[in-house]
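Novice: I'm passing along work.pdb; it holds PDB, C-alpha atoms, pLDDT in the B column.
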ATOM      1  CA  MET A   1      -7.916 -13.443  30.735  1.00 50.00           C
ATOM      2  CA  VAL A   2      -6.670 -14.746  27.357  1.00 53.00           C
ATOM      3  CA  SER A   3      -2.936 -14.385  26.727  1.00 53.00           C
ATOM      4  CA  ARG A   4      -2.003 -12.321  23.668  1.00 62.00           C
ATOM      5  CA  ARG A   5       1.518 -13.730  23.471  1.00 64.00           C
ATOM      6  CA  PRO A   6       2.428 -14.908  20.000  1.00 63.00           C
ATOM      7  CA  THR A   7       2.550 -18.645  19.554  1.00 76.00           C
ATOM      8  CA  ARG A   8       5.606 -20.434  18.255  1.00 73.00           C
ATOM      9  CA  ALA A   9       3.838 -20.932  14.914  1.00 68.00           C
ATOM     10  CA  THR A  10       2.918 -17.236  14.680  1.00 78.00           C
ATOM     11  CA  THR A  11       6.502 -16.256  15.436  1.00 86.00           C
ATOM     12  CA  ALA A  12       7.901 -18.676  12.826  1.00 88.00           C
ATOM     13  CA  ARG A  13       5.403 -17.496  10.204  1.00 91.00           C
ATOM     14  CA  GLN A  14       6.322 -13.863  10.885  1.00 92.00           C
ATOM     15  CA  ARG A  15      10.059 -14.652  10.686  1.00 93.00           C
ATOM     16  CA  ILE A  16       9.485 -16.225   7.283  1.00 96.00           C
ATOM     17  CA  LEU A  17       7.436 -13.219   6.110  1.00 95.00           C
ATOM     18  CA  THR A  18      10.106 -10.809   7.336  1.00 95.00           C
ATOM     19  CA  ALA A  19      12.808 -12.839   5.593  1.00 96.00           C
ATOM     20  CA  ALA A  20      10.738 -12.886   2.386  1.00 95.00           C
ATOM     21  CA  LYS A  21      10.460  -9.119   2.495  1.00 95.00           C
ATOM     22  CA  GLU A  22      14.214  -8.801   3.096  1.00 95.00           C
ATOM     23  CA  GLU A  23      14.938 -11.195   0.216  1.00 94.00           C
ATOM     24  CA  LEU A  24      12.730  -9.180  -2.126  1.00 92.00           C
ATOM     25  CA  VAL A  25      14.312  -5.885  -1.115  1.00 92.00           C
ATOM     26  CA  ALA A  26      17.853  -7.256  -1.425  1.00 93.00           C
ATOM     27  CA  THR A  27      17.478  -9.207  -4.663  1.00 91.00           C
ATOM     28  CA  GLY A  28      14.217  -8.130  -6.311  1.00 87.00           C
ATOM     29  CA  GLU A  29      13.260 -11.824  -6.397  1.00 88.00           C
ATOM     30  CA  LEU A  30      11.693 -14.283  -4.015  1.00 89.00           C
ATOM     31  CA  GLU A  31      13.597 -17.525  -3.864  1.00 91.00           C
ATOM     32  CA  VAL A  32      12.311 -19.805  -1.106  1.00 93.00           C
ATOM     33  CA  ALA A  33      15.811 -21.147  -0.414  1.00 93.00           C
ATOM     34  CA  GLY A  34      17.058 -17.573   0.090  1.00 94.00           C
ATOM     35  CA  VAL A  35      14.138 -16.841   2.399  1.00 95.00           C
ATOM     36  CA  CYS A  36      14.977 -19.936   4.456  1.00 94.00           C
ATOM     37  CA  ARG A  37      18.630 -18.872   4.770  1.00 94.00           C
ATOM     38  CA  ARG A  38      17.595 -15.385   5.907  1.00 93.00           C
ATOM     39  CA  ALA A  39      15.034 -16.744   8.380  1.00 93.00           C
ATOM     40  CA  GLY A  40      17.356 -19.471   9.639  1.00 93.00           C
ATOM     41  CA  VAL A  41      14.767 -22.182   9.053  1.00 92.00           C
ATOM     42  CA  SER A  42      14.710 -25.509   7.242  1.00 92.00           C
ATOM     43  CA  ILE A  43      13.885 -25.522   3.542  1.00 91.00           C
ATOM     44  CA  GLY A  44      10.484 -27.122   4.134  1.00 90.00           C
ATOM     45  CA  LEU A  45       9.213 -24.904   6.952  1.00 93.00           C
ATOM     46  CA  PRO A  46       7.739 -22.116   4.770  1.00 93.00           C
ATOM     47  CA  TYR A  47       5.437 -24.710   3.196  1.00 93.00           C
ATOM     48  CA  ARG A  48       3.881 -25.381   6.601  1.00 93.00           C
ATOM     49  CA  TYR A  49       2.512 -21.812   6.559  1.00 94.00           C
ATOM     50  CA  PHE A  50       2.305 -21.032   2.843  1.00 94.00           C
ATOM     51  CA  ASP A  51       1.148 -23.489   0.186  1.00 93.00           C
ATOM     52  CA  ASN A  52       3.771 -22.358  -2.313  1.00 93.00           C
ATOM     53  CA  ARG A  53       6.015 -19.472  -3.371  1.00 92.00           C
ATOM     54  CA  SER A  54       3.018 -17.626  -4.779  1.00 92.00           C
ATOM     55  CA  ALA A  55       1.154 -17.804  -1.456  1.00 94.00           C
ATOM     56  CA  LEU A  56       4.223 -16.394   0.288  1.00 94.00           C
ATOM     57  CA  LEU A  57       4.371 -13.498  -2.188  1.00 93.00           C
ATOM     58  CA  VAL A  58       0.639 -12.840  -1.667  1.00 93.00           C
ATOM     59  CA  ALA A  59       1.223 -12.721   2.097  1.00 95.00           C
ATOM     60  CA  VAL A  60       4.032 -10.181   1.586  1.00 94.00           C
ATOM     61  CA  VAL A  61       1.761  -8.008  -0.603  1.00 92.00           C
ATOM     62  CA  ASP A  62      -1.085  -8.250   1.910  1.00 94.00           C
ATOM     63  CA  GLU A  63       1.215  -7.286   4.788  1.00 94.00           C
ATOM     64  CA  PHE A  64       2.515  -4.299   2.787  1.00 94.00           C
ATOM     65  CA  TYR A  65      -1.030  -3.026   2.245  1.00 93.00           C
ATOM     66  CA  LEU A  66      -2.006  -3.714   5.854  1.00 93.00           C
ATOM     67  CA  GLN A  67       0.812  -1.419   6.940  1.00 94.00           C
ATOM     68  CA  LEU A  68      -0.252   1.182   4.365  1.00 94.00           C
ATOM     69  CA  TRP A  69      -3.816   1.001   5.727  1.00 92.00           C
ATOM     70  CA  GLN A  70      -2.553   1.555   9.245  1.00 93.00           C
ATOM     71  CA  ALA A  71      -0.362   4.479   8.180  1.00 93.00           C
ATOM     72  CA  ALA A  72      -2.617   6.415   5.832  1.00 91.00           C
ATOM     73  CA  LEU A  73      -5.966   4.834   5.061  1.00 84.00           C
ATOM     74  CA  GLY A  74      -7.380   3.544   8.310  1.00 79.00           C
ATOM     75  CA  PRO A  75      -6.828   6.492  10.640  1.00 77.00           C
ATOM     76  CA  GLU A  76      -9.603   8.978  11.146  1.00 84.00           C
ATOM     77  CA  TYR A  77      -8.464  12.461  10.221  1.00 87.00           C
ATOM     78  CA  PRO A  78     -10.008  15.141  12.452  1.00 86.00           C
ATOM     79  CA  GLN A  79      -9.648  17.984   9.935  1.00 84.00           C
ATOM     80  CA  SER A  80     -12.934  19.683   9.146  1.00 86.00           C
ATOM     81  CA  SER A  81     -12.944  19.619   5.333  1.00 93.00           C
ATOM     82  CA  TRP A  82     -12.440  16.906   2.745  1.00 94.00           C
ATOM     83  CA  ALA A  83      -9.505  18.853   1.280  1.00 95.00           C
ATOM     84  CA  GLU A  84      -7.740  19.119   4.646  1.00 94.00           C
ATOM     85  CA  ARG A  85      -8.288  15.432   5.404  1.00 93.00           C
ATOM     86  CA  GLU A  86      -7.016  14.354   1.993  1.00 94.00           C
ATOM     87  CA  GLN A  87      -3.914  16.537   2.268  1.00 95.00           C
ATOM     88  CA  ALA A  88      -3.140  14.910   5.638  1.00 94.00           C
ATOM     89  CA  ARG A  89      -3.795  11.455   4.172  1.00 94.00           C
ATOM     90  CA  ILE A  90      -1.492  12.149   1.205  1.00 95.00           C
ATOM     91  CA  LYS A  91       1.255  13.332   3.545  1.00 96.00           C
ATOM     92  CA  ASP A  92       0.970  10.099   5.576  1.00 95.00           C
ATOM     93  CA  TRP A  93       0.734   8.007   2.368  1.00 94.00           C
ATOM     94  CA  VAL A  94       3.963   9.478   0.989  1.00 96.00           C
ATOM     95  CA  ALA A  95       5.746   9.243   4.360  1.00 96.00           C
ATOM     96  CA  PHE A  96       4.937   5.536   4.596  1.00 95.00           C
ATOM     97  CA  LEU A  97       5.943   4.759   1.012  1.00 95.00           C
ATOM     98  CA  TYR A  98       9.226   6.646   1.355  1.00 95.00           C
ATOM     99  CA  THR A  99      10.213   4.686   4.451  1.00 95.00           C
ATOM    100  CA  GLU A 100       8.965   1.244   3.356  1.00 95.00           C
ATOM    101  CA  PRO A 101      11.661  -0.535   1.310  1.00 93.00           C
ATOM    102  CA  LEU A 102       9.103  -2.715  -0.528  1.00 93.00           C
ATOM    103  CA  SER A 103       7.316   0.317  -1.988  1.00 92.00           C
ATOM    104  CA  VAL A 104       9.428   0.408  -5.152  1.00 89.00           C
ATOM    105  CA  LEU A 105       8.690  -3.252  -5.875  1.00 89.00           C
ATOM    106  CA  VAL A 106       4.989  -3.251  -4.996  1.00 87.00           C
ATOM    107  CA  LEU A 107       4.163   0.007  -6.783  1.00 85.00           C
ATOM    108  CA  GLY A 108       6.446  -0.872  -9.673  1.00 79.00           C
ATOM    109  CA  GLY A 109       4.683  -4.144 -10.329  1.00 74.00           C
ATOM    110  CA  LEU A 110       5.954  -6.930  -8.088  1.00 72.00           C
ATOM    111  CA  THR A 111       6.666  -9.921 -10.264  1.00 67.00           C
ATOM    112  CA  GLY A 112       4.717 -13.024  -9.617  1.00 70.00           C
ATOM    113  CA  ASP A 113       1.886 -15.046 -11.005  1.00 80.00           C
ATOM    114  CA  SER A 114      -1.820 -14.414 -11.346  1.00 87.00           C
ATOM    115  CA  ALA A 115      -2.425 -14.905  -7.605  1.00 89.00           C
ATOM    116  CA  VAL A 116       0.014 -12.094  -6.782  1.00 87.00           C
ATOM    117  CA  ALA A 117      -1.577  -9.827  -9.400  1.00 88.00           C
ATOM    118  CA  ALA A 118      -5.036 -10.673  -8.031  1.00 91.00           C
ATOM    119  CA  ALA A 119      -3.934  -9.854  -4.462  1.00 91.00           C
ATOM    120  CA  ASN A 120      -2.598  -6.501  -5.597  1.00 89.00           C
ATOM    121  CA  GLN A 121      -5.806  -5.743  -7.529  1.00 91.00           C
ATOM    122  CA  ARG A 122      -7.951  -6.743  -4.536  1.00 93.00           C
ATOM    123  CA  GLN A 123      -6.051  -4.305  -2.328  1.00 92.00           C
ATOM    124  CA  LEU A 124      -6.324  -1.505  -4.905  1.00 92.00           C
ATOM    125  CA  ARG A 125     -10.092  -2.094  -5.210  1.00 95.00           C
ATOM    126  CA  GLU A 126     -10.436  -1.734  -1.434  1.00 94.00           C
ATOM    127  CA  ILE A 127      -8.484   1.534  -1.505  1.00 94.00           C
ATOM    128  CA  THR A 128     -10.644   2.727  -4.414  1.00 95.00           C
ATOM    129  CA  ASP A 129     -13.782   1.900  -2.413  1.00 96.00           C
ATOM    130  CA  VAL A 130     -12.558   3.973   0.547  1.00 93.00           C
ATOM    131  CA  GLY A 131     -11.734   6.855  -1.789  1.00 94.00           C
ATOM    132  CA  ALA A 132     -15.162   6.614  -3.409  1.00 96.00           C
ATOM    133  CA  THR A 133     -16.854   6.721   0.002  1.00 94.00           C
ATOM    134  CA  ASN A 134     -14.830   9.800   0.960  1.00 93.00           C
ATOM    135  CA  ILE A 135     -15.600  11.527  -2.356  1.00 95.00           C
ATOM    136  CA  ALA A 136     -19.329  10.719  -2.096  1.00 96.00           C
ATOM    137  CA  ARG A 137     -19.406  12.166   1.435  1.00 94.00           C
ATOM    138  CA  ALA A 138     -17.684  15.340   0.183  1.00 94.00           C
ATOM    139  CA  GLN A 139     -20.232  15.539  -2.642  1.00 95.00           C
ATOM    140  CA  ARG A 140     -23.140  15.246  -0.175  1.00 95.00           C
ATOM    141  CA  ASN A 141     -21.553  17.995   1.926  1.00 93.00           C
ATOM    142  CA  GLY A 142     -21.241  20.266  -1.113  1.00 94.00           C
ATOM    143  CA  GLU A 143     -17.427  20.230  -1.024  1.00 94.00           C
ATOM    144  CA  LEU A 144     -17.123  18.504  -4.418  1.00 95.00           C
ATOM    145  CA  SER A 145     -19.312  18.553  -7.519  1.00 94.00           C
ATOM    146  CA  ALA A 146     -22.015  15.908  -7.396  1.00 94.00           C
ATOM    147  CA  SER A 147     -21.852  15.474 -11.172  1.00 94.00           C
ATOM    148  CA  ARG A 148     -18.892  13.038 -11.054  1.00 95.00           C
ATOM    149  CA  ASP A 149     -19.091   9.295 -10.426  1.00 97.00           C
ATOM    150  CA  PRO A 150     -17.285   8.765  -7.078  1.00 97.00           C
ATOM    151  CA  GLN A 151     -16.102   5.224  -7.892  1.00 97.00           C
ATOM    152  CA  LEU A 152     -14.641   6.136 -11.289  1.00 97.00           C
ATOM    153  CA  LEU A 153     -13.132   9.338  -9.942  1.00 97.00           C
ATOM    154  CA  SER A 154     -11.519   7.480  -7.038  1.00 96.00           C
ATOM    155  CA  ALA A 155     -10.088   4.839  -9.401  1.00 96.00           C
ATOM    156  CA  ALA A 156      -8.653   7.496 -11.719  1.00 96.00           C
ATOM    157  CA  VAL A 157      -7.151   9.483  -8.843  1.00 95.00           C
ATOM    158  CA  LEU A 158      -5.641   6.349  -7.278  1.00 94.00           C
ATOM    159  CA  ALA A 159      -4.077   5.329 -10.607  1.00 93.00           C
ATOM    160  CA  GLY A 160      -2.512   8.778 -10.993  1.00 93.00           C
ATOM    161  CA  VAL A 161      -1.246   8.901  -7.405  1.00 93.00           C
ATOM    162  CA  HIS A 162       0.089   5.360  -7.731  1.00 90.00           C
ATOM    163  CA  ALA A 163       1.966   6.173 -10.965  1.00 92.00           C
ATOM    164  CA  ALA A 164       3.373   9.464  -9.645  1.00 94.00           C
ATOM    165  CA  THR A 165       4.588   7.840  -6.439  1.00 93.00           C
ATOM    166  CA  ALA A 166       6.150   4.890  -8.278  1.00 91.00           C
ATOM    167  CA  THR A 167       7.950   7.308 -10.607  1.00 94.00           C
ATOM    168  CA  ALA A 168       9.263   9.370  -7.692  1.00 95.00           C
ATOM    169  CA  LEU A 169      10.477   6.263  -5.847  1.00 93.00           C
ATOM    170  CA  GLU A 170      12.362   4.975  -8.884  1.00 92.00           C
ATOM    171  CA  ARG A 171      14.304   8.212  -9.422  1.00 93.00           C
ATOM    172  CA  ASP A 172      17.944   8.440  -8.463  1.00 94.00           C
ATOM    173  CA  GLU A 173      17.209  11.850  -6.965  1.00 96.00           C
ATOM    174  CA  ARG A 174      13.804  11.599  -5.362  1.00 95.00           C
ATOM    175  CA  PRO A 175      11.760  14.670  -4.578  1.00 97.00           C
ATOM    176  CA  THR A 176      11.438  15.226  -0.845  1.00 97.00           C
ATOM    177  CA  PRO A 177       8.370  13.639   0.731  1.00 96.00           C
ATOM    178  CA  HIS A 178       7.024  17.165   1.307  1.00 97.00           C
ATOM    179  CA  ASP A 179       7.482  18.146  -2.349  1.00 97.00           C
ATOM    180  CA  LEU A 180       5.942  14.895  -3.603  1.00 97.00           C
ATOM    181  CA  ALA A 181       2.954  15.317  -1.275  1.00 97.00           C
ATOM    182  CA  ILE A 182       2.410  18.818  -2.685  1.00 97.00           C
ATOM    183  CA  GLU A 183       2.630  17.550  -6.290  1.00 97.00           C
ATOM    184  CA  ILE A 184       0.185  14.749  -5.547  1.00 97.00           C
ATOM    185  CA  TRP A 185      -2.229  17.097  -3.784  1.00 97.00           C
ATOM    186  CA  LEU A 186      -2.194  19.495  -6.747  1.00 96.00           C
ATOM    187  CA  PHE A 187      -2.980  16.571  -9.047  1.00 96.00           C
ATOM    188  CA  VAL A 188      -5.786  15.281  -6.806  1.00 96.00           C
ATOM    189  CA  LYS A 189      -7.226  18.760  -6.386  1.00 95.00           C
ATOM    190  CA  GLY A 190      -7.356  19.225 -10.143  1.00 94.00           C
ATOM    191  CA  ALA A 191      -8.690  15.725 -10.827  1.00 95.00           C
ATOM    192  CA  VAL A 192     -11.652  16.117  -8.478  1.00 94.00           C
ATOM    193  CA  GLY A 193     -12.358  19.662  -9.687  1.00 91.00           C
ATOM    194  CA  LEU A 194     -11.684  21.395  -6.372  1.00 86.00           C
ATOM    195  CA  ARG A 195     -11.401  25.113  -7.030  1.00 70.00           C
ATOM    196  CA  ASN A 196     -10.227  26.405  -3.646  1.00 65.00           C
TER
END
Could you take the file, read its structure, and then write that structure out as structure tokens?
Specialist:
Amino acid sequence: MVSRRPTRATTARQRILTAAKEELVATGELEVAGVCRRAGVSIGLPYRYFDNRSALLVAVVDEFYLQLWQAALGPEYPQSSWAEREQARIKDWVAFLYTEPLSVLVLGGLTGDSAVAAANQRQLREITDVGATNIARAQRNGELSASRDPQLLSAAVLAGVHAATATALERDERPTPHDLAIEIWLFVKGAVGLRN
């Protein structure tokens, strides 16, 4: 039987990633020296696992989206209709984003270079593809009008949900997760042309 215990390198890499996330949340910036202080590692150790500051930021973005996938995009929702599944997904989406401290930075446009922007766009394309698949399935089942392009509709809906969530997170007085989920569902319902 193969041991699943993390290796020393895996543990060190994760400590650096965790410290990078903490540094971003605390300061809004990613300074490698600050990450090293938080992780309690030498100034050169992050470069053993990440080629440069940009690669570390990309890893933070990728980990953020991995957690979002696990919370709201990857699970199978047992509800019988597309509308019920999407309402459950939106509820989980909002719950994750409200509890994840990096949400404000990632949704608000995490600063970085072109590699960071490309990583964010890659993740958003994957989410759009999942949405398009779900919309196309609902169209085949007669739950949504087949006259709309699923890919374009998914991209438009994701952009609206993304902007609404970022706006809510940046407010001094945020709506409750329940209220935001309702607002987002009403938007999605209208965007896809769901009449019920």
Novice: My list of candidates is A:His178, A:Ser147, A:Leu153, A:Gly34. Which is closest to Val130 in chain A when distances are computed with all atoms listed in the file?
Specialist: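 Checking each candidate against Val130 in chain A, we get A:Leu153 as the closest.
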Novice: What gap, in Å, lies between CA of Gln123 in chain A and CA of Val61 in chain A?
Specialist: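 According to the coordinates, CA of Gln123 in chain A and CA of Val61 in chain A are separated by 8.8 Å.
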Novice: For CA of Lys189 in chain A and CA of Ala159 in chain A, determine how far apart the two atoms are, in Å to one decimal place.
Specialist: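 CA of Ala159 in chain A lies 14.4 Å from CA of Lys189 in chain A.
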Novice: How many Å lie between CA of Ser145 in chain A and CA of Leu124 in chain A, rounded to one decimal?
Specialist: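 Interatomic distance here is 24.0 Å.
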Novice: Using the chain letters and numbers from the file, give me the residues hit by the PyMOL selection byres ((chain A and resi 154) around 12), as an NGL selection string.
Specialist: :A and (124-136 or 148-153 or 155-162 or 188 or 191-192)
Novice: Can you translate the PyMOL selection byres ((chain A and resi 65) around 12) into the concrete residues it hits in this file, as a PyMOL selection string?
Specialist: chain A and resi 58-64+66-74+93+96-97+100+102-103+106-107+119-127
Novice: Which of these residues is nearest to Pro46 in chain A, using all atoms listed in the file: A:Leu24, A:Trp82, A:Ala12, A:Thr18?
Specialist: A:Ala12
Novice: Using all atoms listed in the file, pick whichever of A:Ala118, A:Ala83, A:Val94, A:Ile16 has the shortest atom-to-atom distance to Leu194 in chain A.
Specialist: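 The shortest atom-to-atom distance to Leu194 in chain A comes from A:Ala83.
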Novice: Once the PyMOL selection byres ((chain A and resi 182) around 12) has been evaluated on this model, what residues remain selected, and can you format them as a compact mmCIF listing (two decimals) with C-alpha atoms, in the frame of the given file?
Specialist:
# COMPACT_ATOMS: atom_id res chain seq x y z
CA GLU A 86 -7.02 14.35 1.99
CA GLN A 87 -3.91 16.54 2.27
CA ALA A 88 -3.14 14.91 5.64
CA ARG A 89 -3.80 11.46 4.17
CA ILE A 90 -1.49 12.15 1.20
CA LYS A 91 1.25 13.33 3.54
CA VAL A 94 3.96 9.48 0.99
CA VAL A 161 -1.25 8.90 -7.40
CA ALA A 164 3.37 9.46 -9.64
CA THR A 165 4.59 7.84 -6.44
CA PRO A 175 11.76 14.67 -4.58
CA THR A 176 11.44 15.23 -0.84
CA PRO A 177 8.37 13.64 0.73
CA HIS A 178 7.02 17.16 1.31
CA ASP A 179 7.48 18.15 -2.35
CA LEU A 180 5.94 14.90 -3.60
CA ALA A 181 2.95 15.32 -1.27
CA GLU A 183 2.63 17.55 -6.29
CA ILE A 184 0.18 14.75 -5.55
CA TRP A 185 -2.23 17.10 -3.78
CA LEU A 186 -2.19 19.50 -6.75
CA PHE A 187 -2.98 16.57 -9.05
CA VAL A 188 -5.79 15.28 -6.81
CA LYS A 189 -7.23 18.76 -6.39
Novice: In terms of the shortest atom-to-atom distance over all atoms listed in the file, which of A:Arg38, A:Arg48, A:Gly193, A:Glu31 is closest to Thr10 in chain A?
Specialist: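 Result for the nearest residue to Thr10 in chain A: A:Arg48.
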Novice: Give me the residues within 10 Å of Leu30 in chain A as a PyMOL selection string, counting all atoms listed in the file and dropping any in the same chain fewer than 4 places off.
Specialist: chain A and resi 19-26+34-35+53-54+56-57+111-112
